[in-house]
Amino acid sequence: MGAGWAAGVTRARALRTRCLGAGGIGEVAASPALDDALRSLSASPYRRDVAPGLTPAEAQRAVSATLLWHLRILAGWQPATGADAVRALAAGFEISNAEHHLRALAAGPRRPGTEDFRPPPYRLGALATAWTRIARTRTPSELRTVLAASLWGDPGGDSAAAVATGMRVSAAVRLAGSVPDAERWAAARLALLVGREGFVVGRRMPDVSARRAARLLGSRAVGAGSYADFRRALPAVAGWLLEDVDRAADLWRAEARWWDAVERDGRALLRRSRFGPRPVVGAVALLSVDAWRNRGALELASRGGGPGGRPTEVLDAPG
């Protein structure tokens with residue numbers, strides 16, 4: 001196993017240098033205008049897709065595209081098990097593609113003379129699971145059928161909400177089952193999603209997604225009638241994230257805590273093992289945290305910059 005992982009782990013550790021880090025992100029966040037931030041990023045590891053003149057949404061998406069490029073490179077150096085782990089960790093990109101495709105189906109043909117930002121899909125390469133088939137669908141019903149026949153499973157509906165929730169639940173359960181070192185992240189992120197859907201948005205998940213979520217969170221938590229009961233019923237692997245979040249309205253506080261935990265765990269994983277999947281999972285974690293914070297920093301720069309440069313904006317799947 002050691003020999004098979006040698007190249008993949010070496011590449012994982014080398015990609016750590018592609019993180020901008022706290023100092024660089026602080027400079028981006030403190031930029032007085034978005035173009036200033038983009039000029040700074042154009043001389044950074046994010047230069048591949050970033051250039052002055054982008055809108056905030058385009059700039060944030062360019063940062064995500066650079067992250068994806070690094071993950072594709074990383075996956076290409078791994079043995080099969082490592083590539084599968086990277087694919088599971090990168091599932092948010094396929095979710096984003098599916099969501100944008102579904103929105104385009106609902107919106108119809110682009111109208112000339114209107115502002116209609118429809119980003120091109122992320123280029124997933126070997127990190128795709130069902131995107132080629134999803135991209136060929138022409139109706140929401142067809143898209144649901146493709147998902148149901150794939151690793152994603154049936155989302156329980158073809159509305160934007162059902163597909164978005166269903167794919168995120170599926171991704172979390174799949175990640176927890178296939179990448180043990182990421183189980184804690186997956187379970188906590190799923191708890192955040194279920195808590196938001198049920199007690200902030202007030203939207204009932206389709207039954208199939210609720211059953212899938214219960215495999216990781218337990219049926220008592222998923223079926224809870226109040227936020228307090230939900231928190232009490234969560235298993236330890238997920239409940240740590242919401243320990244002092246007493247009200248559903250304060251769930252936003254858990255977002256940054258989740259990313260901080262992913263960063264701490266990622267650093268430990270990258271250091272801990274010489275060969276095997278752990279350093280690879282750690283590298284994906286650190287690259288993802290760095291990109292998330294850069295997206296928040298760009299948002300601050302677009303608003304005139306922020307003192308201290310610690311962005312608090314939260315994005316879920318890549319935009």
# chains A, B, ... in the order shown; residues from 1 in each chain; ligands from 1
call {"tool": "residues_around", "arguments": {"residues": "range 259-261 of chain A", "least_positions_apart": "4", "cutoff": "12 Å", "atoms": "only C-alpha atoms", "output": "ChimeraX atom specification"}}
result
/A:182,184-186,188-189,240-241,253-255,265-268,282,285-293,311-316
call {"tool": "select_by_dssp", "arguments": {"residues": "range 58-275 of chain A", "states": "alpha helix (DSSP H)", "output": "ChimeraX atom specification"}}
result
/A:58-76,80-89,91-107,131-135,140-148,160-178,183-196,207-217,219-222,227-233,236-239,252-272
call {"tool": "closest_residue", "arguments": {"among": "A:Arg72, A:Arg203, A:Arg212, A:Arg118", "to": "Trp152 in chain A", "atoms": "only C-alpha atoms"}}
result
A:Arg212
call {"tool": "residues_around", "arguments": {"residues": "range 124-139 of chain A", "least_positions_apart": "4", "cutoff": "10 Å", "atoms": "only C-alpha atoms", "output": "MDAnalysis selection string"}}
result
chainID A and resid 65 68:69 71:73 75:76 83:91 93:95 97:98 101:102 104:106 143:147 149:152 158
call {"tool": "write_last_selection", "arguments": {"atoms": "N, CA, C and O atoms", "output": "short mmCIF file (atom, residue, chain, number, x, y, z; two decimals), in the first residue's frame"}}
result
data_model
loop_
_atom_site.label_atom_id
_atom_site.label_comp_id
_atom_site.auth_asym_id
_atom_site.auth_seq_id
_atom_site.Cartn_x
_atom_site.Cartn_y
_atom_site.Cartn_z
N ALA A 65 -13.33 27.33 -9.31
CA ALA A 65 -12.81 26.59 -10.46
C ALA A 65 -11.34 26.24 -10.28
O ALA A 65 -10.89 25.15 -10.69
N LEU A 68 -11.20 23.29 -7.97
CA LEU A 68 -11.54 22.08 -8.70
C LEU A 68 -10.37 21.59 -9.53
O LEU A 68 -10.08 20.38 -9.60
N TRP A 69 -9.67 22.50 -10.19
CA TRP A 69 -8.52 22.13 -11.00
C TRP A 69 -7.47 21.42 -10.15
O TRP A 69 -6.92 20.38 -10.53
N LEU A 71 -8.00 19.80 -7.36
CA LEU A 71 -8.53 18.50 -6.94
C LEU A 71 -8.45 17.48 -8.07
O LEU A 71 -8.18 16.29 -7.82
N ARG A 72 -8.68 17.93 -9.29
CA ARG A 72 -8.54 17.01 -10.42
C ARG A 72 -7.09 16.54 -10.57
O ARG A 72 -6.85 15.36 -10.84
N ILE A 73 -6.16 17.45 -10.40
CA ILE A 73 -4.75 17.07 -10.46
C ILE A 73 -4.44 16.07 -9.35
O ILE A 73 -3.79 15.03 -9.57
N ALA A 75 -6.45 14.04 -7.73
CA ALA A 75 -7.08 12.74 -7.98
C ALA A 75 -6.31 11.93 -9.01
O ALA A 75 -6.22 10.70 -8.92
N GLY A 76 -5.76 12.61 -10.01
CA GLY A 76 -5.04 11.92 -11.06
C GLY A 76 -3.77 11.23 -10.60
O GLY A 76 -3.27 10.33 -11.28
N ALA A 83 -8.47 8.28 -5.39
CA ALA A 83 -9.28 9.02 -6.37
C ALA A 83 -10.75 9.01 -5.97
O ALA A 83 -11.45 10.02 -6.10
N ASP A 84 -11.22 7.87 -5.46
CA ASP A 84 -12.62 7.79 -5.01
C ASP A 84 -12.87 8.73 -3.85
O ASP A 84 -13.93 9.36 -3.75
N ALA A 85 -11.90 8.85 -2.94
CA ALA A 85 -12.05 9.75 -1.79
C ALA A 85 -12.13 11.20 -2.25
O ALA A 85 -12.98 11.97 -1.79
N VAL A 86 -11.26 11.59 -3.19
CA VAL A 86 -11.29 12.96 -3.71
C VAL A 86 -12.63 13.23 -4.40
O VAL A 86 -13.23 14.30 -4.24
N ARG A 87 -13.10 12.25 -5.16
CA ARG A 87 -14.39 12.41 -5.86
C ARG A 87 -15.52 12.64 -4.86
O ARG A 87 -16.39 13.50 -5.06
N ALA A 88 -15.54 11.86 -3.78
CA ALA A 88 -16.59 12.03 -2.77
C ALA A 88 -16.50 13.38 -2.09
O ALA A 88 -17.51 14.03 -1.81
N LEU A 89 -15.29 13.84 -1.82
CA LEU A 89 -15.09 15.14 -1.17
C LEU A 89 -15.43 16.30 -2.09
O LEU A 89 -15.76 17.40 -1.62
N ALA A 90 -15.35 16.08 -3.40
CA ALA A 90 -15.61 17.15 -4.39
C ALA A 90 -17.04 17.12 -4.92
O ALA A 90 -17.34 17.79 -5.91
N ALA A 91 -17.92 16.38 -4.26
CA ALA A 91 -19.28 16.22 -4.78
C ALA A 91 -20.03 17.53 -4.95
O ALA A 91 -20.94 17.64 -5.77
N PHE A 93 -19.26 20.16 -6.43
CA PHE A 93 -19.17 20.72 -7.77
C PHE A 93 -20.23 20.11 -8.70
O PHE A 93 -20.82 20.82 -9.51
N GLU A 94 -20.46 18.82 -8.58
CA GLU A 94 -21.50 18.21 -9.41
C GLU A 94 -22.88 18.68 -8.95
O GLU A 94 -23.78 18.87 -9.79
N ILE A 95 -23.05 18.87 -7.65
CA ILE A 95 -24.32 19.42 -7.15
C ILE A 95 -24.56 20.80 -7.76
O ILE A 95 -25.66 21.12 -8.22
N ASN A 97 -23.37 22.05 -10.54
CA ASN A 97 -23.70 21.90 -11.97
C ASN A 97 -25.16 21.51 -12.15
O ASN A 97 -25.86 22.06 -13.02
N ALA A 98 -25.62 20.55 -11.36
CA ALA A 98 -27.01 20.09 -11.49
C ALA A 98 -27.99 21.21 -11.14
O ALA A 98 -29.02 21.39 -11.81
N HIS A 101 -28.04 23.74 -13.97
CA HIS A 101 -28.73 23.15 -15.12
C HIS A 101 -30.24 23.16 -14.89
O HIS A 101 -31.02 23.51 -15.80
N LEU A 102 -30.67 22.82 -13.69
CA LEU A 102 -32.11 22.82 -13.39
C LEU A 102 -32.68 24.23 -13.47
O LEU A 102 -33.80 24.42 -13.99
N ALA A 104 -31.57 26.63 -15.38
CA ALA A 104 -31.63 26.97 -16.80
C ALA A 104 -32.83 26.32 -17.47
O ALA A 104 -33.50 26.94 -18.32
N LEU A 105 -33.15 25.10 -17.09
CA LEU A 105 -34.34 24.43 -17.65
C LEU A 105 -35.61 25.19 -17.27
O LEU A 105 -36.52 25.36 -18.09
N ALA A 106 -35.66 25.65 -16.02
CA ALA A 106 -36.85 26.38 -15.56
C ALA A 106 -36.95 27.76 -16.20
O ALA A 106 -38.05 28.24 -16.49
N LEU A 143 -34.21 14.95 -15.33
CA LEU A 143 -33.07 15.09 -14.43
C LEU A 143 -33.27 14.21 -13.19
O LEU A 143 -32.34 13.51 -12.76
N ARG A 144 -34.47 14.21 -12.64
CA ARG A 144 -34.74 13.35 -11.48
C ARG A 144 -34.54 11.88 -11.82
O ARG A 144 -33.96 11.13 -11.03
N THR A 145 -34.98 11.48 -13.01
CA THR A 145 -34.83 10.09 -13.43
C THR A 145 -33.37 9.69 -13.52
O THR A 145 -32.98 8.60 -13.10
N VAL A 146 -32.54 10.59 -14.06
CA VAL A 146 -31.11 10.31 -14.16
C VAL A 146 -30.49 10.17 -12.78
O VAL A 146 -29.70 9.26 -12.51
N LEU A 147 -30.85 11.08 -11.88
CA LEU A 147 -30.32 10.99 -10.52
C LEU A 147 -30.72 9.68 -9.85
O LEU A 147 -29.91 9.02 -9.18
N ALA A 149 -31.24 6.86 -11.10
CA ALA A 149 -30.54 5.70 -11.65
C ALA A 149 -29.03 5.76 -11.40
O ALA A 149 -28.30 4.90 -11.87
N SER A 150 -28.58 6.76 -10.65
CA SER A 150 -27.15 6.96 -10.43
C SER A 150 -26.81 6.76 -8.94
O SER A 150 -27.67 6.44 -8.12
N LEU A 151 -25.54 7.00 -8.61
CA LEU A 151 -25.11 6.93 -7.21
C LEU A 151 -25.83 7.94 -6.33
O LEU A 151 -25.91 7.77 -5.12
N TRP A 152 -26.36 9.01 -6.94
CA TRP A 152 -27.04 10.04 -6.15
C TRP A 152 -28.35 9.54 -5.55
O TRP A 152 -28.74 9.95 -4.48
N ASP A 158 -38.71 16.74 -8.31
CA ASP A 158 -37.91 17.38 -9.35
C ASP A 158 -37.87 18.90 -9.21
O ASP A 158 -37.39 19.61 -10.10
#
call {"tool": "closest_atom_pairs", "arguments": {"of": "range 101-213 of chain A", "to": "range 218-226 of chain A", "cutoff": "9 Å", "atoms": "only C-alpha atoms", "output": "tab-separated table"}}
result
residue	atom	partner	partner_atom	distance
A:Ala191	CA	A:Val222	CA	8.8
A:Val194	CA	A:Val222	CA	7.2
A:Gly195	CA	A:Val222	CA	8.7
A:Gly198	CA	A:Ser226	CA	8.7
A:Phe199	CA	A:Ser226	CA	7.4
A:Ala210	CA	A:Val222	CA	6.5
A:Arg211	CA	A:Ser219	CA	7.6
A:Ala213	CA	A:Val222	CA	7.0
